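Visitor: input21.txt is reproduced in full below (compact mmCIF, C-alpha atoms).
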# COMPACT_ATOMS: atom_id res chain seq x y z
CA MET A 1172 -35.92 193.56 -247.86
CA GLU A 1173 -39.52 194.54 -247.40
CA ILE A 1174 -40.01 191.54 -245.14
CA PHE A 1175 -37.04 192.61 -243.03
CA THR A 1176 -38.49 196.11 -242.67
CA LEU A 1177 -41.82 194.60 -241.72
CA PHE A 1178 -40.08 192.45 -239.11
CA ILE A 1179 -38.17 195.32 -237.51
CA LEU A 1180 -41.23 197.57 -237.55
CA ALA A 1181 -43.57 194.97 -236.08
CA VAL A 1182 -41.26 193.52 -233.43
CA PHE A 1183 -39.38 196.57 -232.21
CA VAL A 1184 -40.50 199.94 -233.55
CA ASN A 1185 -44.25 199.36 -233.29
CA ASN A 1186 -44.10 196.66 -230.64
CA PHE A 1187 -47.63 195.43 -230.07
CA VAL A 1188 -47.54 195.69 -226.31
CA VAL A 1189 -45.39 198.58 -225.22
CA VAL A 1190 -45.94 200.92 -228.17
CA GLN A 1191 -49.38 200.06 -229.54
CA PHE A 1192 -50.95 199.01 -226.21
CA LEU A 1193 -52.52 195.84 -227.57
CA GLY A 1194 -52.72 192.78 -225.35
CA ILE A 1195 -52.05 194.62 -222.10
CA CYS A 1196 -54.30 192.35 -220.01
CA PRO A 1197 -52.20 189.17 -220.40
CA PHE A 1198 -49.06 191.30 -220.39
CA LEU A 1199 -49.89 192.38 -216.83
CA GLY A 1200 -51.87 189.34 -215.73
CA VAL A 1201 -49.78 186.41 -216.96
CA SER A 1202 -46.27 187.77 -216.46
CA LYS A 1203 -45.55 186.52 -212.96
CA ASP A 1204 -43.08 183.84 -214.11
CA THR A 1205 -41.14 183.41 -217.31
CA SER A 1206 -42.33 179.95 -218.38
CA SER A 1207 -46.04 180.75 -218.25
CA ALA A 1208 -45.38 184.10 -219.91
CA PHE A 1209 -43.65 182.32 -222.79
CA GLY A 1210 -46.49 179.81 -223.05
CA MET A 1211 -49.04 182.60 -223.21
CA GLY A 1212 -46.95 184.41 -225.82
CA VAL A 1213 -46.76 181.34 -228.06
CA ALA A 1214 -50.49 180.63 -227.68
CA VAL A 1215 -51.38 184.22 -228.59
CA THR A 1216 -49.04 184.17 -231.60
CA VAL A 1217 -50.58 180.95 -232.93
CA VAL A 1218 -54.10 182.33 -232.55
CA MET A 1219 -53.07 185.63 -234.16
CA VAL A 1220 -51.69 183.89 -237.26
CA LEU A 1221 -54.66 181.52 -237.52
CA ALA A 1222 -57.15 184.34 -237.01
CA THR A 1223 -55.50 186.42 -239.73
CA LEU A 1224 -55.48 183.41 -242.02
CA VAL A 1225 -59.27 183.23 -241.71
CA THR A 1226 -60.35 186.84 -241.26
CA TYR A 1227 -58.24 188.43 -244.00
CA PRO A 1228 -59.56 186.25 -246.88
CA LEU A 1229 -63.05 186.37 -245.34
CA TYR A 1230 -62.96 190.17 -245.36
CA THR A 1231 -61.29 190.74 -248.73
CA PHE A 1232 -62.90 188.00 -250.80
CA VAL A 1233 -66.30 187.57 -249.21
CA MET A 1234 -67.41 190.53 -247.14
CA VAL A 1235 -66.18 193.40 -249.34
CA PRO A 1236 -67.58 192.01 -252.63
CA LEU A 1237 -70.89 191.21 -250.96
CA GLY A 1238 -70.98 194.66 -249.37
CA PHE A 1239 -71.38 193.82 -245.73
CA ASP A 1240 -67.91 194.84 -244.61
CA PHE A 1241 -69.48 197.09 -241.98
CA MET A 1242 -70.25 193.93 -240.00
CA GLU A 1243 -66.56 193.09 -239.68
CA ILE A 1244 -66.41 193.41 -235.88
CA ILE A 1245 -69.16 190.86 -235.31
CA PHE A 1246 -67.73 188.41 -237.84
CA PHE A 1247 -64.15 188.73 -236.62
CA ILE A 1248 -64.94 188.20 -232.97
CA PHE A 1249 -66.92 185.07 -233.80
CA VAL A 1250 -64.14 183.72 -236.02
CA ILE A 1251 -61.68 184.27 -233.18
CA ALA A 1252 -63.92 182.69 -230.57
CA ALA A 1253 -64.54 179.67 -232.81
CA LEU A 1254 -60.82 179.34 -233.58
CA VAL A 1255 -59.89 179.39 -229.92
CA GLN A 1256 -62.48 176.73 -229.19
CA MET A 1257 -61.24 174.58 -232.06
CA LEU A 1258 -57.61 175.04 -231.11
CA GLU A 1259 -58.47 173.96 -227.59
CA GLN A 1260 -60.16 170.78 -228.83
CA VAL A 1261 -57.37 169.96 -231.29
CA LEU A 1262 -54.65 170.46 -228.71
CA LYS A 1263 -56.56 168.43 -226.14
CA LYS A 1264 -56.86 165.53 -228.59
CA PHE A 1265 -53.45 165.51 -230.28
CA ILE A 1266 -50.92 167.32 -228.08
CA PRO A 1267 -52.16 166.85 -224.50
CA ALA A 1268 -48.85 167.95 -222.99
CA LEU A 1269 -49.06 171.35 -224.66
CA TYR A 1270 -52.74 171.55 -223.85
CA ASN A 1271 -52.05 171.02 -220.18
CA SER A 1272 -49.41 173.72 -220.08
CA LEU A 1273 -51.48 176.25 -222.07
CA GLY A 1274 -54.91 175.08 -220.98
CA ILE A 1275 -55.76 177.87 -218.62
CA TYR A 1276 -54.68 180.64 -221.00
CA LEU A 1277 -56.49 179.44 -224.08
CA PRO A 1278 -60.01 180.67 -223.23
CA LEU A 1279 -58.57 184.02 -222.18
CA ILE A 1280 -57.17 184.62 -225.67
CA THR A 1281 -60.64 185.31 -227.10
CA THR A 1282 -60.81 188.55 -225.16
CA ASN A 1283 -57.22 189.47 -225.94
CA CYS A 1284 -57.18 192.68 -227.92
CA ALA A 1285 -53.97 191.69 -229.72
CA VAL A 1286 -55.84 189.07 -231.75
CA LEU A 1287 -58.75 191.25 -232.82
CA GLY A 1288 -56.26 194.11 -233.14
CA VAL A 1289 -54.14 192.35 -235.74
CA ALA A 1290 -57.23 191.27 -237.68
CA GLU A 1291 -58.37 194.91 -237.76
CA LEU A 1292 -54.93 196.36 -238.52
CA VAL A 1293 -54.24 194.25 -241.60
CA ILE A 1294 -57.48 195.34 -243.25
CA GLY A 1295 -56.97 198.99 -242.33
CA ASP A 1296 -54.41 201.56 -243.46
CA VAL A 1297 -51.21 199.67 -244.26
CA THR A 1298 -48.83 202.57 -244.91
CA SER A 1299 -47.67 202.58 -241.30
CA LEU A 1300 -46.64 198.93 -241.52
CA GLY A 1301 -43.79 199.67 -243.93
CA ILE A 1302 -45.19 197.93 -247.00
CA ALA A 1303 -46.80 199.29 -250.14
CA SER A 1304 -49.87 197.09 -250.35
CA MET A 1305 -51.35 194.31 -248.28
CA ASN A 1306 -51.86 190.75 -249.41
CA LEU A 1307 -52.44 187.49 -247.58
CA GLY A 1308 -48.73 186.66 -247.31
CA TYR A 1309 -47.86 190.00 -245.78
CA ALA A 1310 -50.87 189.83 -243.48
CA LEU A 1311 -49.74 186.46 -242.15
CA LEU A 1312 -46.16 187.64 -241.76
CA TYR A 1313 -47.33 190.76 -239.97
CA ALA A 1314 -49.40 188.65 -237.58
CA LEU A 1315 -46.43 186.35 -236.95
CA PHE A 1316 -44.00 189.21 -236.37
CA SER A 1317 -46.43 191.03 -234.11
CA GLY A 1318 -46.79 187.82 -232.14
CA ILE A 1319 -43.01 187.61 -231.82
CA GLY A 1320 -43.02 191.18 -230.56
CA PHE A 1321 -45.64 190.18 -228.02
CA ILE A 1322 -43.50 187.22 -226.86
CA VAL A 1323 -40.42 189.46 -226.55
CA ALA A 1324 -42.30 192.00 -224.47
CA ILE A 1325 -44.08 189.55 -222.17
CA VAL A 1326 -40.95 187.45 -221.52
CA LEU A 1327 -38.87 190.54 -220.73
CA MET A 1328 -41.61 191.79 -218.46
CA SER A 1329 -41.89 188.49 -216.58
CA GLY A 1330 -38.12 188.37 -216.05
CA LEU A 1331 -38.13 191.86 -214.58
CA ARG A 1332 -41.17 191.18 -212.44
CA GLU A 1333 -39.74 187.96 -211.00
CA LYS A 1334 -36.84 189.97 -209.63
CA ILE A 1335 -38.71 193.04 -208.54
CA ASP A 1336 -41.65 191.32 -206.86
CA ARG A 1337 -39.31 189.08 -204.90
CA TYR A 1338 -36.43 191.27 -203.86
CA THR A 1339 -37.79 194.78 -203.61
CA ASP A 1340 -39.30 196.40 -200.57
CA MET A 1341 -41.89 198.90 -201.74
CA PRO A 1342 -44.89 200.78 -200.37
CA LYS A 1343 -48.04 198.72 -200.17
CA CYS A 1344 -50.00 200.91 -202.58
CA LEU A 1345 -47.37 200.37 -205.30
CA LYS A 1346 -47.49 196.58 -205.14
CA GLY A 1347 -49.03 194.65 -208.00
CA PHE A 1348 -50.31 196.67 -210.93
CA PRO A 1349 -48.74 200.08 -210.23
CA ILE A 1350 -45.20 198.73 -210.08
CA SER A 1351 -45.84 196.59 -213.18
CA MET A 1352 -46.96 199.75 -214.98
CA VAL A 1353 -43.76 201.52 -213.96
CA ILE A 1354 -41.66 198.57 -215.20
CA ALA A 1355 -43.61 198.65 -218.46
CA SER A 1356 -42.92 202.36 -218.66
CA PHE A 1357 -39.18 201.75 -218.49
CA MET A 1358 -39.51 199.03 -221.11
CA ALA A 1359 -41.39 201.45 -223.34
CA MET A 1360 -38.53 203.92 -222.94
CA ALA A 1361 -36.09 201.23 -224.05
CA PHE A 1362 -38.27 200.42 -227.06
CA TYR A 1363 -38.54 204.13 -227.86
CA VAL A 1364 -34.89 203.99 -228.93
CA PHE A 1365 -35.90 201.81 -231.88
CA THR A 1366 -38.08 204.56 -233.30
CA LEU A 1367 -34.96 206.66 -233.79
CA ILE A 1368 -33.46 204.17 -236.26
CA MET B 876 -84.95 197.73 -205.35
CA LYS B 877 -84.52 200.26 -202.62
CA LYS B 878 -83.02 203.68 -203.02
CA ASN B 879 -80.03 202.63 -200.95
CA ASP B 880 -79.15 199.89 -203.40
CA TYR B 881 -78.89 202.37 -206.25
CA LYS B 882 -76.61 204.51 -204.14
CA LYS B 883 -74.44 201.48 -203.53
CA ILE B 884 -74.36 200.60 -207.26
CA CYS B 885 -73.27 204.15 -208.01
CA PHE B 886 -70.59 204.20 -205.35
CA ASP B 887 -69.28 200.77 -206.40
CA GLY B 888 -69.08 201.67 -210.08
CA ILE B 889 -67.46 205.05 -209.66
CA VAL B 890 -65.26 204.61 -206.59
CA ALA B 891 -65.11 201.26 -204.82
CA ASN B 892 -64.92 199.05 -207.93
CA ASN B 893 -63.76 201.71 -210.37
CA PRO B 894 -63.05 199.62 -213.48
CA THR B 895 -59.94 201.51 -214.47
CA LEU B 896 -58.26 202.42 -211.20
CA ARG B 897 -59.37 199.65 -208.84
CA LEU B 898 -59.96 196.59 -211.02
CA VAL B 899 -57.47 197.57 -213.79
CA LEU B 900 -59.75 196.39 -216.60
CA GLY B 901 -59.88 197.78 -220.11
CA THR B 902 -56.22 198.78 -219.90
CA CYS B 903 -55.50 198.87 -223.62
CA ALA B 904 -57.98 201.63 -224.35
CA THR B 905 -56.97 203.49 -221.21
CA LEU B 906 -53.31 203.62 -222.14
CA ALA B 907 -53.87 204.43 -225.79
CA LEU B 908 -56.62 207.04 -225.56
CA THR B 909 -55.33 209.29 -222.76
CA THR B 910 -52.93 211.35 -224.83
CA SER B 911 -55.37 214.23 -224.49
CA ALA B 912 -58.36 214.97 -222.28
CA MET B 913 -60.73 215.09 -225.27
CA ASN B 914 -59.67 211.62 -226.42
CA GLY B 915 -60.18 210.32 -222.90
CA ILE B 916 -63.71 211.78 -222.72
CA GLY B 917 -64.53 210.49 -226.20
CA MET B 918 -63.44 206.95 -225.42
CA GLY B 919 -65.08 207.08 -222.00
CA LEU B 920 -68.43 208.22 -223.40
CA ALA B 921 -68.33 205.68 -226.24
CA VAL B 922 -67.76 202.91 -223.71
CA THR B 923 -70.45 204.35 -221.41
CA VAL B 924 -73.05 204.30 -224.18
CA ILE B 925 -72.16 200.74 -225.19
CA LEU B 926 -72.08 199.63 -221.56
CA LEU B 927 -75.51 201.12 -220.88
CA CYS B 928 -77.08 199.60 -224.01
CA SER B 929 -75.51 196.17 -223.56
CA ASN B 930 -76.38 196.04 -219.86
CA VAL B 931 -80.00 196.93 -220.57
CA LEU B 932 -80.32 194.40 -223.38
CA VAL B 933 -78.55 191.64 -221.46
CA SER B 934 -80.78 192.30 -218.49
CA LEU B 935 -83.89 192.24 -220.67
CA LEU B 936 -82.87 188.93 -222.24
CA ARG B 937 -81.45 187.36 -219.09
CA LYS B 938 -84.28 184.83 -218.77
CA ILE B 939 -84.29 183.97 -222.49
CA ILE B 940 -80.58 183.39 -223.15
CA PRO B 941 -79.65 179.78 -222.31
CA ASN B 942 -76.91 179.52 -219.75
CA GLU B 943 -74.56 177.47 -221.96
CA VAL B 944 -74.34 180.01 -224.78
CA ARG B 945 -74.55 183.18 -222.73
CA ILE B 946 -70.98 184.35 -223.40
CA PRO B 947 -71.32 184.24 -227.23
CA ALA B 948 -74.71 185.91 -226.85
CA PHE B 949 -73.22 188.72 -224.75
CA VAL B 950 -70.39 189.14 -227.25
CA LEU B 951 -72.89 189.36 -230.09
CA ILE B 952 -74.88 192.04 -228.24
CA ILE B 953 -71.75 194.04 -227.46
CA ALA B 954 -70.37 193.72 -231.00
CA THR B 955 -73.67 194.98 -232.41
CA PHE B 956 -73.63 198.09 -230.24
CA VAL B 957 -69.95 198.72 -231.01
CA THR B 958 -70.77 198.58 -234.72
CA VAL B 959 -73.60 201.07 -234.23
CA VAL B 960 -71.47 203.46 -232.19
CA ARG B 961 -68.68 203.17 -234.74
CA MET B 962 -71.00 204.15 -237.59
CA VAL B 963 -72.40 207.07 -235.60
CA LEU B 964 -68.92 208.36 -234.79
CA TYR B 965 -67.81 207.90 -238.40
CA ALA B 966 -70.75 209.98 -239.59
CA TYR B 967 -70.85 212.74 -236.99
CA LEU B 968 -67.46 212.92 -235.23
CA PRO B 969 -64.86 211.95 -237.84
CA ASP B 970 -61.99 213.52 -235.87
CA LEU B 971 -62.69 211.40 -232.83
CA TYR B 972 -63.18 208.37 -235.10
CA ASP B 973 -59.70 208.90 -236.55
CA SER B 974 -57.99 209.43 -233.22
CA MET B 975 -59.59 206.30 -231.76
CA GLY B 976 -58.45 204.22 -234.73
CA VAL B 977 -58.21 200.52 -234.03
CA PHE B 978 -59.32 200.94 -230.43
CA LEU B 979 -62.89 201.65 -231.47
CA PRO B 980 -63.56 198.10 -232.76
CA LEU B 981 -61.50 196.83 -229.84
CA ILE B 982 -64.19 198.02 -227.41
CA VAL B 983 -65.74 194.60 -228.15
CA VAL B 984 -62.99 192.88 -226.20
CA ASN B 985 -62.94 195.50 -223.44
CA CYS B 986 -63.15 193.40 -220.29
CA ILE B 987 -65.30 195.98 -218.48
CA ILE B 988 -68.34 195.54 -220.72
CA LEU B 989 -68.30 191.74 -220.82
CA GLY B 990 -67.49 191.70 -217.12
CA ARG B 991 -70.50 193.84 -216.19
CA ALA B 992 -72.79 191.85 -218.50
CA GLU B 993 -71.68 188.60 -216.94
CA SER B 994 -71.42 189.59 -213.29
CA PHE B 995 -74.22 192.13 -212.95
CA ALA B 996 -76.63 192.60 -215.84
CA SER B 997 -77.36 188.89 -216.31
CA LYS B 998 -78.46 188.65 -212.68
CA ASN B 999 -80.36 191.89 -212.07
CA ASN B 1000 -83.43 193.74 -213.32
CA VAL B 1001 -83.33 196.40 -216.02
CA PRO B 1002 -83.21 199.64 -213.95
CA ALA B 1003 -80.43 198.28 -211.74
CA ALA B 1004 -78.47 197.07 -214.77
CA ALA B 1005 -78.87 200.45 -216.48
CA MET B 1006 -77.71 202.22 -213.32
CA ASP B 1007 -74.74 199.88 -213.06
CA GLY B 1008 -73.80 200.50 -216.68
CA VAL B 1009 -73.94 204.26 -216.27
CA ALA B 1010 -72.02 204.18 -212.96
CA ASN B 1011 -69.23 202.02 -214.37
CA GLY B 1012 -69.14 204.08 -217.52
CA ILE B 1013 -68.81 207.29 -215.51
CA GLY B 1014 -66.08 205.70 -213.40
CA PHE B 1015 -64.23 204.74 -216.57
CA THR B 1016 -64.77 208.16 -218.19
CA LEU B 1017 -63.61 210.07 -215.09
CA ALA B 1018 -60.46 207.98 -214.80
CA LEU B 1019 -59.64 208.39 -218.50
CA THR B 1020 -60.33 212.12 -218.43
CA LEU B 1021 -58.19 212.60 -215.34
CA MET B 1022 -55.27 210.77 -216.93
CA GLY B 1023 -55.85 212.62 -220.20
CA ILE B 1024 -55.73 215.97 -218.40
CA ILE B 1025 -52.50 215.02 -216.62
CA ARG B 1026 -50.78 213.79 -219.76
CA GLU B 1027 -51.98 216.68 -221.90
CA PHE B 1028 -51.05 219.26 -219.28
CA LEU B 1029 -47.52 217.96 -218.73
CA GLY B 1030 -46.77 216.65 -222.19
CA ASN B 1031 -48.42 219.19 -224.43
CA ALA B 1032 -48.92 222.27 -222.21
CA SER B 1033 -52.61 222.47 -223.01
CA PHE B 1034 -55.94 221.86 -221.29
CA PHE B 1035 -58.77 220.27 -223.32
CA GLY B 1036 -57.01 221.42 -226.49
CA ILE B 1037 -56.61 225.03 -225.31
CA ALA B 1038 -52.94 226.01 -225.36
CA LEU B 1039 -51.61 227.28 -222.04
CA PRO B 1040 -49.56 230.51 -221.90
CA TRP B 1041 -46.25 228.76 -221.26
CA ASP B 1042 -44.06 226.52 -223.31
CA PHE B 1043 -43.08 223.89 -220.78
CA LYS B 1044 -43.53 220.51 -222.44
CA ILE B 1045 -42.23 217.17 -221.22
CA GLU B 1046 -42.28 214.91 -224.28
CA PHE B 1047 -42.13 211.86 -222.02
CA PHE B 1048 -45.79 212.19 -221.04
CA THR B 1049 -47.08 212.04 -224.59
CA SER B 1050 -45.05 208.90 -225.34
CA SER B 1051 -46.13 205.35 -224.55
CA ALA B 1052 -43.71 205.22 -221.62
CA GLY B 1053 -45.51 208.19 -220.11
CA ALA B 1054 -48.83 206.41 -220.54
CA PHE B 1055 -47.69 203.45 -218.47
CA PHE B 1056 -46.09 205.70 -215.88
CA VAL B 1057 -49.10 207.99 -215.41
CA TYR B 1058 -51.47 205.02 -215.24
CA GLY B 1059 -49.32 203.26 -212.65
CA MET B 1060 -49.08 206.38 -210.52
CA CYS B 1061 -52.84 207.01 -210.79
CA ILE B 1062 -53.62 203.47 -209.60
CA ALA B 1063 -51.15 203.78 -206.74
CA LEU B 1064 -52.47 207.17 -205.58
CA PHE B 1065 -56.09 206.13 -205.94
CA ASN B 1066 -55.51 202.94 -203.95
CA PHE B 1067 -53.64 204.92 -201.31
CA ALA B 1068 -56.39 207.53 -200.99
CA TYR B 1069 -59.09 204.88 -201.08
CA SER B 1070 -57.48 202.79 -198.36
CA LYS B 1071 -57.24 205.88 -196.13
CA ILE B 1072 -60.89 206.76 -196.73
CA GLU B 1073 -61.94 203.17 -196.19
CA ILE B 1074 -60.08 202.96 -192.90
CA ALA B 1075 -61.78 206.14 -191.72
CA LEU B 1076 -65.20 204.91 -192.87
CA SER B 1077 -64.79 201.41 -191.51
CA HIS B 1078 -63.89 202.76 -188.09
CA ARG B 1079 -67.15 204.64 -188.12
CA ARG B 1080 -69.36 201.76 -189.14
CA ALA B 1081 -67.30 198.76 -188.11
CA HIS B 1082 -70.23 197.24 -186.30
CA ARG B 1083 -72.39 197.35 -189.44
CA ARG B 1084 -70.23 196.37 -192.37
CA ALA B 1085 -67.36 194.03 -193.10
CA LEU B 1086 -63.99 195.32 -194.25
CA PRO B 1087 -63.52 195.97 -197.99
CA LYS B 1088 -61.82 193.40 -200.12
CA ASP B 1089 -58.34 193.64 -201.52
CA PRO B 1090 -58.44 195.08 -205.09
CA ALA B 1091 -56.19 192.33 -206.48
CA GLU B 1092 -58.58 189.75 -205.08
CA MET B 1093 -61.58 191.52 -206.62
CA ARG B 1094 -59.90 191.64 -210.01
CA GLU B 1095 -59.16 187.96 -209.88
CA GLU B 1096 -62.75 187.28 -209.01
CA ALA B 1097 -63.89 189.39 -211.94
CA LEU B 1098 -61.60 187.48 -214.30
CA VAL B 1099 -62.78 184.13 -212.97
CA ARG B 1100 -66.36 185.21 -213.51
CA GLU B 1101 -65.53 186.17 -217.07
CA GLU B 1102 -63.88 182.85 -217.80
CA LYS B 1103 -66.97 181.00 -216.69
Please go through the file and, once you have read it, give me the structure as structure tokens.
Guide:
Amino acid sequence: MEIFTLFILAVFVNNFVVVQFLGICPFLGVSKDTSSAFGMGVAVTVVMVLATLVTYPLYTFVMVPLGFDFMEIIFFIFVIAALVQMLEQVLKKFIPALYNSLGIYLPLITTNCAVLGVAELVIGDVTSLGIASMNLGYALLYALFSGIGFIVAIVLMSGLREKIDRYTDMPKCLKGFPISMVIASFMAMAFYVFTLI
Amino acid sequence: MKKNDYKKICFDGIVANNPTLRLVLGTCATLALTTSAMNGIGMGLAVTVILLCSNVLVSLLRKIIPNEVRIPAFVLIIATFVTVVRMVLYAYLPDLYDSMGVFLPLIVVNCIILGRAESFASKNNVPAAAMDGVANGIGFTLALTLMGIIREFLGNASFFGIALPWDFKIEFFTSSAGAFFVYGMCIALFNFAYSKIEIALSHRRAHRRALPKDPAEMREEALVREEK
């Protein structure tokens, strides 16, 4: 039951993109067509889960007991950068097809705030996540569900943008980012309904 | 460097290449921290301080850092300053620290700072890099404050935390949907005004300078530079 609550809260109520504003750069930059948006979403989700798998134990079992938890930002960003590099090498070697389709997005994930965001959120105040206390299992689930929320948002966005960019006649100053922001605004309104549950 | 160059750096950072409104970088912090004007100023100043420090340090070390590992080195410099600013805010401005929440550590992955380190500070001398950091920081702060004022005024009927004498509140503007909407409209209006000004200016000095670039193109260039 707790897992279900966590799922609903992470995917819909506190959607990473449209409610918490994490990972906006790829959300706006890589949402021109649905297939690449989905690829980006999957890549980000994988990195989010892997990053949590490393950073959460690192923080709880190494950094806090040794008393240098104030250095978390520096450690986390390096873990994420190293993970992205490793993931790139592994994919290149073993799954070249996936590497070729995700290749261009992988380096961008290092500077994606969703990844560092989830690593920071699971070690912070957990009461807003709908669970009593945090452990590694919940942290991983939260990362996975947040990633799913990211995929949902970016795929919806790319579907809407495909239509609007192609078929709508709009003023020149609205083209590109402004109209994407307005679409995102309407999506956020739709997601707002979930907070009323 | 000549005096004119500094003027150009200033103009580029605040108006022509405004990180928030022209290049649309650092969007996460912009959307999340503009619920009130004070939050916008707080975030803007935090980023300005980090941008100034990281630009200066990157510029100082630009001949020492090997080219192959420059991105990790820049990230390390930025993460250090973010940690310092975070501790200072935690000690002296706990309210601001709370309202910034997770977006304070996320300044590390703010594209503006890494972008300026990579595209400007690593190629220029210290005074120019410092000027560039301050100009971009001010551009960012002004944009965030403007959006904060709009959202606070319409959504909360107050101005910098001072309640206004009427009770006309549109909840929409304090919600996340309002954040996206206000940001989109600000970019559109700024681009519109800027294109008008640019047309007027370029008529005047057409024989001296080339036409300005398209903002989408400039953003792509900035992203490509970052990837490298």
Visitor: Residues at most 9 Å from region 1307-1313 of chain A, counting all atoms listed in the file, excluding those fewer than 5 positions away in the same chain, as a CSV table (one decimal) with C-alpha atoms, in the coordinates of the input?
Guide:
chain,number,residue,atom,x,y,z
A,1174,ILE,CA,-40.0,191.5,-245.1
A,1177,LEU,CA,-41.8,194.6,-241.7
A,1178,PHE,CA,-40.1,192.4,-239.1
A,1181,ALA,CA,-43.6,195.0,-236.1
A,1219,MET,CA,-53.1,185.6,-234.2
A,1220,VAL,CA,-51.7,183.9,-237.3
A,1221,LEU,CA,-54.7,181.5,-237.5
A,1223,THR,CA,-55.5,186.4,-239.7
A,1224,LEU,CA,-55.5,183.4,-242.0
A,1227,TYR,CA,-58.2,188.4,-244.0
A,1228,PRO,CA,-59.6,186.2,-246.9
A,1289,VAL,CA,-54.1,192.4,-235.7
A,1290,ALA,CA,-57.2,191.3,-237.7
A,1293,VAL,CA,-54.2,194.2,-241.6
A,1294,ILE,CA,-57.5,195.3,-243.2
A,1300,LEU,CA,-46.6,198.9,-241.5
A,1302,ILE,CA,-45.2,197.9,-247.0
A,1318,GLY,CA,-46.8,187.8,-232.1
Visitor: Compile the residues of chain A that lie within 8 Å of chain B, evaluated using all atoms listed in the file, and express the compilation as a PyMOL selection string.
Guide: chain A and resi 1189-1196+1241-1242+1244-1245+1248-1249+1278-1279+1281-1284+1287-1288+1291-1292+1344-1345+1347-1353+1355-1360
Visitor: Distance cut-off 7 Å, centre (-78.5, 189.8, -219.9) in file coordinates, counting all atoms listed in the file: which residues qualify? Return them as a PyMOL selection string.
Guide: chain B and resi 930+932-937+992+996-997
Visitor: For a quick check of understanding, using only C-alpha atoms, which of B:Arg991, B:Arg1094, B:Lys938, B:Lys1044 has the smallest distance to Ala1003 (chain B)?
Guide: B:Arg991
Visitor: Extract, using only C-alpha atoms, all DNA, RNA and protein residues at most 8 Å from Gly1036 (chain B), discarding same-chain residues fewer than 2 positions from it, and format them as a ChimeraX atom specification.
Guide: /B:911-913,1033-1034,1038
Visitor: What does the distance from CA of Val1184 (chain A) to CA of Val1364 (chain A) come to in Å, to one decimal?
Guide: 8.3 Å
Visitor: Give me the residues within 6 Å of region 1325-1333 of chain A as JSON, numbers by chain, counting only C-alpha atoms and dropping any in the same chain fewer than 6 places off.
Guide: {"A": [1198, 1202, 1203, 1204, 1205, 1208, 1209]}
Visitor: CA of Thr1216 (chain A) and CA of Met1093 (chain B), how far apart in Å?
Guide: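 That distance, rounded to one decimal, is 28.9 Å.
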Visitor: Emit as AutoDock Vina command-line options the padded axis-aligned box for all listed atoms of region 963-967 of chain B, 4 Å per side, with centre and edge lengths in Å to one decimal.
Guide:
--center_x -70.1 --center_y 209.9 --center_z -237.2 --size_x 12.6 --size_y 13.7 --size_z 12.8
Visitor: Quick one: residues within 6 Å of Gly1320 (chain A), only C-alpha atoms, excluding same-chain residues fewer than 2 positions away - as a ChimeraX atom specification?
Guide: /A:1182,1186,1317-1318,1322-1323
Visitor: Quick check, in Å to one decimal: how far apart do CA of Ala1010 (chain B) and CA of Ile884 (chain B) lie?
Guide: 7.1 Å
Visitor: Could you check which residues have any atom within 9 Å of (-59.1, 213.8, -218.6), counting all atoms listed in the file with coordinates taken straight from the file, and then list them as a list in words?
Guide: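 Collected hits near the coordinates: Thr909, Ser911, Ala912, Met913, Asn914, Gly915, Ile916, Thr1016, Leu1017, Ala1018, Leu1019, Thr1020, Leu1021, Met1022, Gly1023, Ile1024, Ile1025, Arg1026, Glu1027 and Phe1035 of chain B.
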